[in-house]
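Trainee: The file below is my_file.txt, compact mmCIF, C-alpha atoms:
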# COMPACT_ATOMS: atom_id res chain seq x y z
CA MET A 1 3.31 -21.26 7.65
CA SER A 2 6.94 -22.12 8.42
CA PRO A 3 7.35 -25.30 10.50
CA ASN A 4 10.07 -23.45 12.42
CA LEU A 5 7.40 -21.21 13.91
CA THR A 6 5.02 -23.95 15.05
CA LEU A 7 3.26 -23.13 18.30
CA GLY A 8 1.62 -26.25 19.70
CA ASP A 9 0.07 -29.02 17.63
CA THR A 10 -1.72 -28.29 14.40
CA LEU A 11 -4.73 -30.02 12.88
CA THR A 12 -3.43 -30.59 9.36
CA PRO A 13 -2.57 -34.18 8.45
CA GLN A 14 0.93 -33.18 7.29
CA THR A 15 1.93 -31.53 10.56
CA LEU A 16 -0.19 -33.42 13.08
CA GLY A 17 1.84 -34.08 16.21
CA GLU A 18 4.49 -31.39 15.74
CA GLY A 19 5.28 -29.49 18.90
CA THR A 20 6.44 -26.00 19.68
CA THR A 21 9.87 -25.35 18.12
CA TRP A 22 12.91 -23.71 19.68
CA VAL A 23 12.58 -20.72 17.38
CA THR A 24 9.13 -19.99 18.77
CA ILE A 25 10.24 -20.63 22.35
CA VAL A 26 13.20 -18.23 22.12
CA PHE A 27 11.07 -15.56 20.48
CA LEU A 28 8.34 -15.84 23.12
CA LEU A 29 10.88 -15.79 25.98
CA LEU A 30 12.53 -12.67 24.58
CA LEU A 31 9.16 -11.00 24.12
CA VAL A 32 7.99 -11.85 27.64
CA GLY A 33 11.37 -10.83 29.07
CA ILE A 34 11.37 -7.41 27.38
CA VAL A 35 7.75 -6.68 28.35
CA SER A 36 8.37 -7.80 31.96
CA ALA A 37 11.55 -5.72 32.23
CA PHE A 38 9.70 -2.68 30.90
CA PHE A 39 7.11 -2.86 33.69
CA VAL A 40 9.37 -4.09 36.51
CA PHE A 41 12.63 -2.12 36.12
CA LYS A 42 12.29 1.66 36.14
CA LYS A 43 15.79 2.19 34.78
CA PHE A 44 15.08 -0.06 31.82
CA ARG A 45 11.76 1.69 31.21
CA PHE A 46 13.37 5.13 31.31
CA SER A 47 16.13 3.92 28.99
CA MET A 48 13.59 2.66 26.46
CA LYS A 49 11.65 5.91 26.72
CA TRP A 50 14.80 7.97 26.23
CA LEU A 51 15.91 5.88 23.26
CA PHE A 52 12.65 5.44 21.34
CA LYS A 53 10.73 8.58 22.37
CA ASP A 54 13.13 11.33 23.36
CA LYS A 55 15.57 10.40 20.58
CA GLY A 56 12.81 9.25 18.25
CA ASN A 57 13.65 11.88 15.63
CA ILE A 58 16.90 10.00 15.02
CA VAL A 59 16.08 6.44 16.06
CA ALA A 60 12.77 6.05 14.17
CA PRO A 61 14.07 7.05 10.70
CA THR A 62 17.21 4.95 11.32
CA ILE A 63 15.12 1.87 12.13
CA LEU A 64 12.94 2.45 9.06
CA PHE A 65 16.03 2.79 6.88
CA LEU A 66 17.49 -0.45 8.28
CA VAL A 67 14.21 -2.27 7.69
CA VAL A 68 14.21 -1.13 4.06
CA LEU A 69 17.77 -2.46 3.71
CA ILE A 70 16.63 -5.78 5.18
CA GLN A 71 13.80 -5.83 2.64
CA ILE A 72 16.21 -5.29 -0.24
CA ILE A 73 18.65 -7.94 1.00
CA PHE A 74 15.78 -10.37 1.56
CA VAL A 75 14.45 -9.86 -1.96
CA LEU A 76 17.90 -10.12 -3.55
CA TYR A 77 18.44 -13.53 -1.95
CA THR A 78 14.83 -14.75 -2.07
CA HIS A 79 12.83 -14.08 -5.22
CA PRO A 80 10.97 -17.31 -6.06
CA SER A 81 8.53 -17.79 -8.89
CA ILE A 82 4.92 -17.52 -7.74
CA GLY A 83 1.95 -19.47 -9.01
CA PHE A 84 -1.74 -18.58 -9.11
CA ASP A 85 -2.65 -15.09 -10.41
CA PRO A 86 0.85 -13.56 -10.15
CA GLY A 87 2.23 -16.53 -12.07
CA ALA A 88 -0.36 -16.12 -14.81
CA ILE A 89 0.43 -12.41 -15.17
CA HIS A 90 4.15 -13.14 -15.29
CA GLU A 91 3.59 -15.85 -17.89
CA GLY A 92 1.73 -13.27 -19.98
CA LEU A 93 4.99 -11.29 -20.23
CA LEU A 94 6.80 -14.21 -21.87
CA PRO A 95 6.75 -14.91 -25.63
CA ASP A 96 4.99 -18.29 -25.55
CA HIS A 97 1.37 -18.50 -24.37
CA SER A 98 -0.92 -21.46 -23.81
CA ASN A 99 -4.63 -21.60 -24.50
CA GLU A 100 -5.20 -21.83 -20.74
CA LEU A 101 -3.46 -18.49 -20.26
CA LYS A 102 -5.57 -16.85 -22.94
CA ALA A 103 -8.68 -18.25 -21.29
CA TYR A 104 -7.47 -16.96 -17.91
CA PHE A 105 -7.28 -13.35 -19.09
CA SER A 106 -10.62 -13.74 -20.84
CA MET A 107 -12.19 -14.74 -17.53
CA TYR A 108 -10.24 -12.46 -15.19
CA THR A 109 -10.14 -9.21 -17.13
CA ASN A 110 -9.49 -7.28 -13.89
CA ASN A 111 -5.84 -8.37 -14.13
CA LEU A 112 -5.33 -6.90 -17.62
CA ALA A 113 -4.39 -3.47 -16.23
CA LEU A 114 -1.71 -5.03 -14.03
CA LEU A 115 -0.47 -7.11 -16.98
CA LEU A 116 -0.10 -3.95 -19.06
CA LEU A 117 1.66 -2.16 -16.22
CA GLN A 118 4.13 -5.00 -15.74
CA HIS A 119 4.61 -5.19 -19.50
CA GLN A 120 5.65 -1.52 -19.58
CA ILE A 121 8.04 -2.10 -16.67
CA ALA A 122 9.50 -5.15 -18.42
CA VAL A 123 10.01 -3.16 -21.63
CA LEU A 124 11.72 -0.30 -19.79
CA ALA A 125 13.95 -2.62 -17.76
CA ASN A 126 14.44 -5.09 -20.64
CA SER A 127 13.80 -7.94 -18.22
CA THR A 128 10.98 -10.21 -17.09
CA SER A 129 12.72 -11.75 -14.09
CA TRP A 130 10.94 -12.32 -10.80
CA LEU A 131 13.71 -10.36 -9.09
CA LEU A 132 12.83 -7.25 -11.09
CA PHE A 133 9.18 -7.33 -10.10
CA ASP A 134 9.99 -8.14 -6.47
CA ILE A 135 12.20 -5.03 -6.38
CA VAL A 136 9.38 -3.02 -7.98
CA ASN A 137 7.09 -4.47 -5.31
CA VAL A 138 9.40 -3.17 -2.58
CA VAL A 139 9.42 0.27 -4.23
CA PHE A 140 5.61 0.38 -4.33
CA LEU A 141 5.36 -0.70 -0.70
CA ASP A 142 7.92 1.82 0.55
CA ILE A 143 6.28 4.65 -1.41
CA ALA A 144 3.01 3.78 0.33
CA VAL A 145 4.77 3.89 3.70
CA LEU A 146 6.25 7.34 2.99
CA LEU A 147 2.86 8.66 1.86
CA ASN A 148 1.22 7.26 4.99
CA ILE A 149 3.79 9.00 7.19
CA LEU A 150 3.16 12.24 5.28
CA ILE A 151 -0.58 11.84 5.89
CA VAL A 152 0.03 11.47 9.63
CA ALA A 153 2.33 14.52 9.57
CA LEU A 154 -0.43 16.61 7.96
CA ILE A 155 -2.99 15.48 10.53
CA ASP A 156 -0.86 15.49 13.71
CA ARG A 157 2.92 15.97 13.68
CA HIS A 158 3.19 14.59 17.21
CA LYS A 159 2.16 11.14 15.95
CA VAL A 160 4.79 10.89 13.19
CA ILE A 161 7.41 9.05 15.28
CA ALA A 162 4.87 6.47 16.43
CA SER A 163 3.67 5.98 12.85
CA ILE A 164 7.25 5.39 11.66
CA TYR A 165 7.73 2.67 14.30
CA MET A 166 4.41 1.05 13.35
CA HIS A 167 5.24 1.04 9.65
CA ALA A 168 8.76 -0.28 10.30
CA VAL A 169 7.34 -3.27 12.20
CA PHE A 170 4.68 -3.78 9.55
CA ILE A 171 7.00 -3.92 6.53
CA LEU A 172 9.59 -5.95 8.45
CA VAL A 173 7.20 -8.92 8.65
CA PHE A 174 5.26 -8.26 5.44
CA PRO A 175 5.66 -11.33 3.20
CA MET A 176 3.81 -9.96 0.18
CA ILE A 177 6.92 -8.16 -1.09
CA LEU A 178 7.74 -11.51 -2.71
CA VAL A 179 4.40 -11.59 -4.53
CA PRO A 180 4.24 -9.01 -7.36
CA TYR A 181 0.49 -8.67 -7.48
CA SER A 182 -2.18 -5.99 -7.17
CA ASP A 183 -2.31 -6.31 -3.36
CA VAL A 184 0.96 -4.36 -3.15
CA VAL A 185 0.78 -2.33 -6.36
CA VAL A 186 -2.46 -0.69 -5.19
CA MET A 187 -1.02 0.39 -1.81
CA PRO A 188 0.60 3.68 -2.91
CA LEU A 189 -2.55 4.49 -4.88
CA VAL A 190 -4.73 4.08 -1.78
CA SER A 191 -2.24 6.16 0.21
CA GLY A 192 -2.33 8.82 -2.51
CA LEU A 193 -6.13 8.76 -2.40
CA ILE A 194 -6.15 9.41 1.35
CA LEU A 195 -3.37 12.01 1.08
CA THR A 196 -5.20 14.07 -1.54
CA TYR A 197 -8.38 13.84 0.54
CA VAL A 198 -6.54 15.12 3.63
CA ILE A 199 -5.05 18.02 1.65
CA ALA A 200 -8.47 18.85 0.18
CA GLN A 201 -9.97 18.98 3.67
CA LYS A 202 -7.18 20.97 5.36
CA SER A 203 -8.35 24.55 5.68
CA ASN A 204 -4.78 25.86 6.09
CA PHE A 205 -4.03 24.95 2.45
CA ARG A 206 -4.87 27.47 -0.25
CA LEU A 207 -8.12 26.75 -2.05
CA VAL A 208 -6.37 26.16 -5.38
CA TRP A 209 -4.25 23.40 -3.85
CA ARG A 210 -7.32 21.84 -2.28
CA LEU A 211 -9.13 21.85 -5.61
CA PHE A 212 -6.14 20.33 -7.40
CA SER A 213 -6.00 17.67 -4.68
CA ALA A 214 -9.66 16.87 -5.31
CA LEU A 215 -8.87 16.36 -9.01
CA GLY A 216 -5.92 14.17 -8.07
CA ASN A 217 -8.18 12.25 -5.71
CA GLY A 218 -10.38 11.32 -8.65
CA GLY A 219 -7.32 10.23 -10.61
CA PHE A 220 -6.14 7.98 -7.79
CA LEU A 221 -9.65 6.55 -7.49
CA THR A 222 -9.65 5.59 -11.16
CA ALA A 223 -6.17 4.04 -10.95
CA ILE A 224 -7.29 2.00 -7.93
CA TYR A 225 -10.36 0.82 -9.83
CA PHE A 226 -8.25 -0.41 -12.73
CA ILE A 227 -5.64 -2.18 -10.57
CA LYS A 228 -7.81 -3.58 -7.75
CA PRO A 229 -11.49 -2.58 -7.67
CA SER A 230 -12.06 -3.80 -4.12
CA ALA A 231 -9.57 -1.21 -2.83
CA ILE A 232 -12.00 1.67 -3.50
CA VAL A 233 -13.57 1.04 -0.08
CA PRO A 234 -11.92 4.17 1.48
CA ILE A 235 -13.62 6.48 -1.01
CA ILE A 236 -17.00 4.95 -0.12
CA ALA A 237 -16.40 5.89 3.52
CA ILE A 238 -15.14 9.36 2.55
CA VAL A 239 -18.13 10.14 0.31
CA SER A 240 -20.57 8.82 2.92
CA VAL A 241 -19.12 11.01 5.67
CA GLU A 242 -18.88 14.10 3.47
CA PHE A 243 -22.46 13.60 2.31
CA LEU A 244 -23.67 13.51 5.91
CA TYR A 245 -21.73 16.68 6.70
CA LEU A 246 -23.76 18.53 4.06
CA PHE A 247 -26.79 18.22 6.37
CA ARG A 248 -25.19 20.09 9.25
CA ASN A 249 -27.07 23.12 10.48
CA SER A 250 -25.81 26.22 8.66
CA VAL A 251 -25.03 29.06 11.09
CA GLY A 252 -23.43 32.13 9.54
CA SER A 253 -21.78 32.79 6.21
CA VAL A 254 -18.56 30.95 7.19
CA ILE A 255 -20.37 27.64 7.54
CA LYS A 256 -22.21 28.20 4.26
CA TRP A 257 -18.92 29.00 2.48
CA GLN A 258 -17.39 25.84 3.94
CA LYS A 259 -20.30 23.88 2.49
CA ILE A 260 -19.84 25.51 -0.91
CA LYS A 261 -16.12 24.62 -0.88
CA GLY A 262 -17.00 21.08 0.14
CA ILE A 263 -19.40 20.78 -2.78
CA LEU A 264 -16.78 22.17 -5.18
CA ILE A 265 -14.19 19.69 -3.91
CA THR A 266 -16.67 16.81 -4.29
CA LEU A 267 -17.59 17.88 -7.83
CA LEU A 268 -13.93 18.11 -8.81
CA LEU A 269 -13.36 14.66 -7.35
CA PHE A 270 -16.03 13.25 -9.65
CA VAL A 271 -14.71 15.25 -12.62
CA GLY A 272 -11.22 13.89 -11.97
CA ALA A 273 -12.55 10.35 -11.60
CA ILE A 274 -14.68 10.44 -14.75
CA THR A 275 -12.07 12.06 -17.01
CA SER A 276 -9.22 9.89 -15.76
CA TYR A 277 -11.41 6.78 -16.11
CA ALA A 278 -12.24 7.64 -19.71
CA TYR A 279 -8.58 8.32 -20.49
CA GLY A 280 -7.38 5.23 -18.61
CA ARG A 281 -9.94 3.00 -20.33
CA LEU A 282 -8.87 4.29 -23.74
CA GLN A 283 -5.19 3.75 -22.92
CA GLU A 284 -5.89 0.28 -21.56
CA LEU A 285 -7.72 -0.77 -24.70
CA THR A 286 -5.03 0.76 -26.94
CA GLU A 287 -2.17 -0.91 -25.08
CA HIS A 288 -4.09 -4.17 -24.90
CA CYS A 289 -4.49 -4.22 -28.67
CA LYS A 290 -0.79 -3.44 -29.13
CA LEU A 291 0.19 -6.18 -26.69
CA LEU A 292 -2.03 -8.74 -28.39
CA LYS A 293 -0.59 -7.80 -31.76
CA ASN A 294 3.04 -7.97 -30.57
CA LEU A 295 2.52 -11.29 -28.80
CA SER A 296 0.43 -12.77 -31.65
CA TRP A 297 -2.46 -13.77 -29.43
As structure tokens - that is how I would like this structure written.

Mentor:
Amino acid sequence: MSPNLTLGDTLTPQTLGEGTTWVTIVFLLLLVGIVSAFFVFKKFRFSMKWLFKDKGNIVAPTILFLVVLIQIIFVLYTHPSIGFDPGAIHEGLLPDHSNELKAYFSMYTNNLALLLLQHQIAVLANSTSWLLFDIVNVVFLDIAVLLNILIVALIDRHKVIASIYMHAVFILVFPMILVPYSDVVVMPLVSGLILTYVIAQKSNFRLVWRLFSALGNGGFLTAIYFIKPSAIVPIIAIVSVEFLYLFRNSVGSVIKWQKIKGILITLLLFVGAITSYAYGRLQELTEHCKLLKNLSW
């Protein structure tokens, strides 16, 4: 949305007639130059391959570490107040509340869990500043990145370096670190959901670990539901695929035992989801009542 990145004319009345800026021109020239050099000059191509692939074990983590530092510096110098839903949740942490805010949480009850979570963070840190929650946002995002890399390592270790590069580029240009809202808070939960599923399905893990992972999977599912219900989409895909696998032709006792283990893992997933939901709902209602009492709503 920055006018410094305008490429061509836009159709909005405010920016109609603006042309391509120098920032965009320099960026595009550098991009085209690097891509052209990669395909035209063998020495340059071999150098890039040596640096980013052969030495990837060193270069990739270094780049990721530098990107995290850039994130932290960016947040320390840029932590504006946000309106809309994040602004309403942040206003709920402050002592004075308007009737409009009370009506907001009456209408959008899905944000109560996030309000309670941010309230606990504010109590622990003894602060309600936007900087605090932007830093917490960065922590949530980076935890999700580390979990994603771990997932890739469990599936195929040869793809870890590539996944680190992809995540480094992703979080380098990810603007939502400045918006402390459920979009970022739910990310490590979704990563945890996929991680526990991968562990539960990996046959080289001991059965007890796989069963515990299935229980944890249900816990992550419940947490996702409380923070951002729309983010449960991965579990819908997982359950659908696992359900179809139950109809495979059974040949031999090994296949039948695999099916039995799959059913056990699925049952434990539901047990974990139901029990954690009941506990989470009880805690949410309890903390909500305490919060309303303390804030005199």

Trainee: Select from segment 156-225 of chain A every residue with an atom at most 7 Å from any atom of segment 126-134 of chain A, then for each give the shortest pair of atoms and their distance in Å to one decimal, using only C-alpha atoms, rows by chain and rising number, as JSON lines.

Mentor:
{"residue": "A:Ile177", "atom": "CA", "partner": "A:Asp134", "partner_atom": "CA", "distance": 6.2}
{"residue": "A:Leu178", "atom": "CA", "partner": "A:Asp134", "partner_atom": "CA", "distance": 5.5}
{"residue": "A:Val179", "atom": "CA", "partner": "A:Asp134", "partner_atom": "CA", "distance": 6.8}
{"residue": "A:Pro180", "atom": "CA", "partner": "A:Asp134", "partner_atom": "CA", "distance": 5.9}

Trainee: Given 4 Å on each side, where is the centre and what are the edge lengths in Å to one decimal of the axis-aligned box enclosing the listed atoms of segment 155-167 of chain A, as AutoDock Vina command-line options?

Mentor:
--center_x 2.4 --center_y 8.5 --center_z 13.4 --size_x 18.7 --size_y 22.9 --size_z 15.6

Trainee: For the atom pair atom CA of Phe140 of chain A and atom CA of Val184 of chain A, what is the interatomic distance in Å to one decimal place?

Mentor: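 Result for atom CA of Phe140 of chain A versus atom CA of Val184 of chain A: 6.7 Å, one decimal.
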
Trainee: Neighbouring residues of Pro175 of chain A were defined as those with any atom within 12 Å, considering only C-alpha atoms; residues of the same chain fewer than 5 positions away were excluded. Please report them as a list in words.

Mentor: Met1, Gln71, Phe74, Val75, Thr78, His79, Asp134, Asn137, Val138, Leu141, Phe170, Pro180, Asp183 and Val184 of chain A

Trainee: Between A:Leu147, A:Asp96, A:Leu172, A:Phe65, which residue has the minimum interatomic distance to Val160 of chain A, considering all atoms listed in the file?

Mentor: A:Leu147

Trainee: Pick from A:Val241, A:Leu189, A:Val35, A:Leu150: nearest to Leu221 of chain A, with all atoms listed in the file counted?

Mentor: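 That would be A:Leu189, the residue with the smallest distance to Leu221 of chain A.
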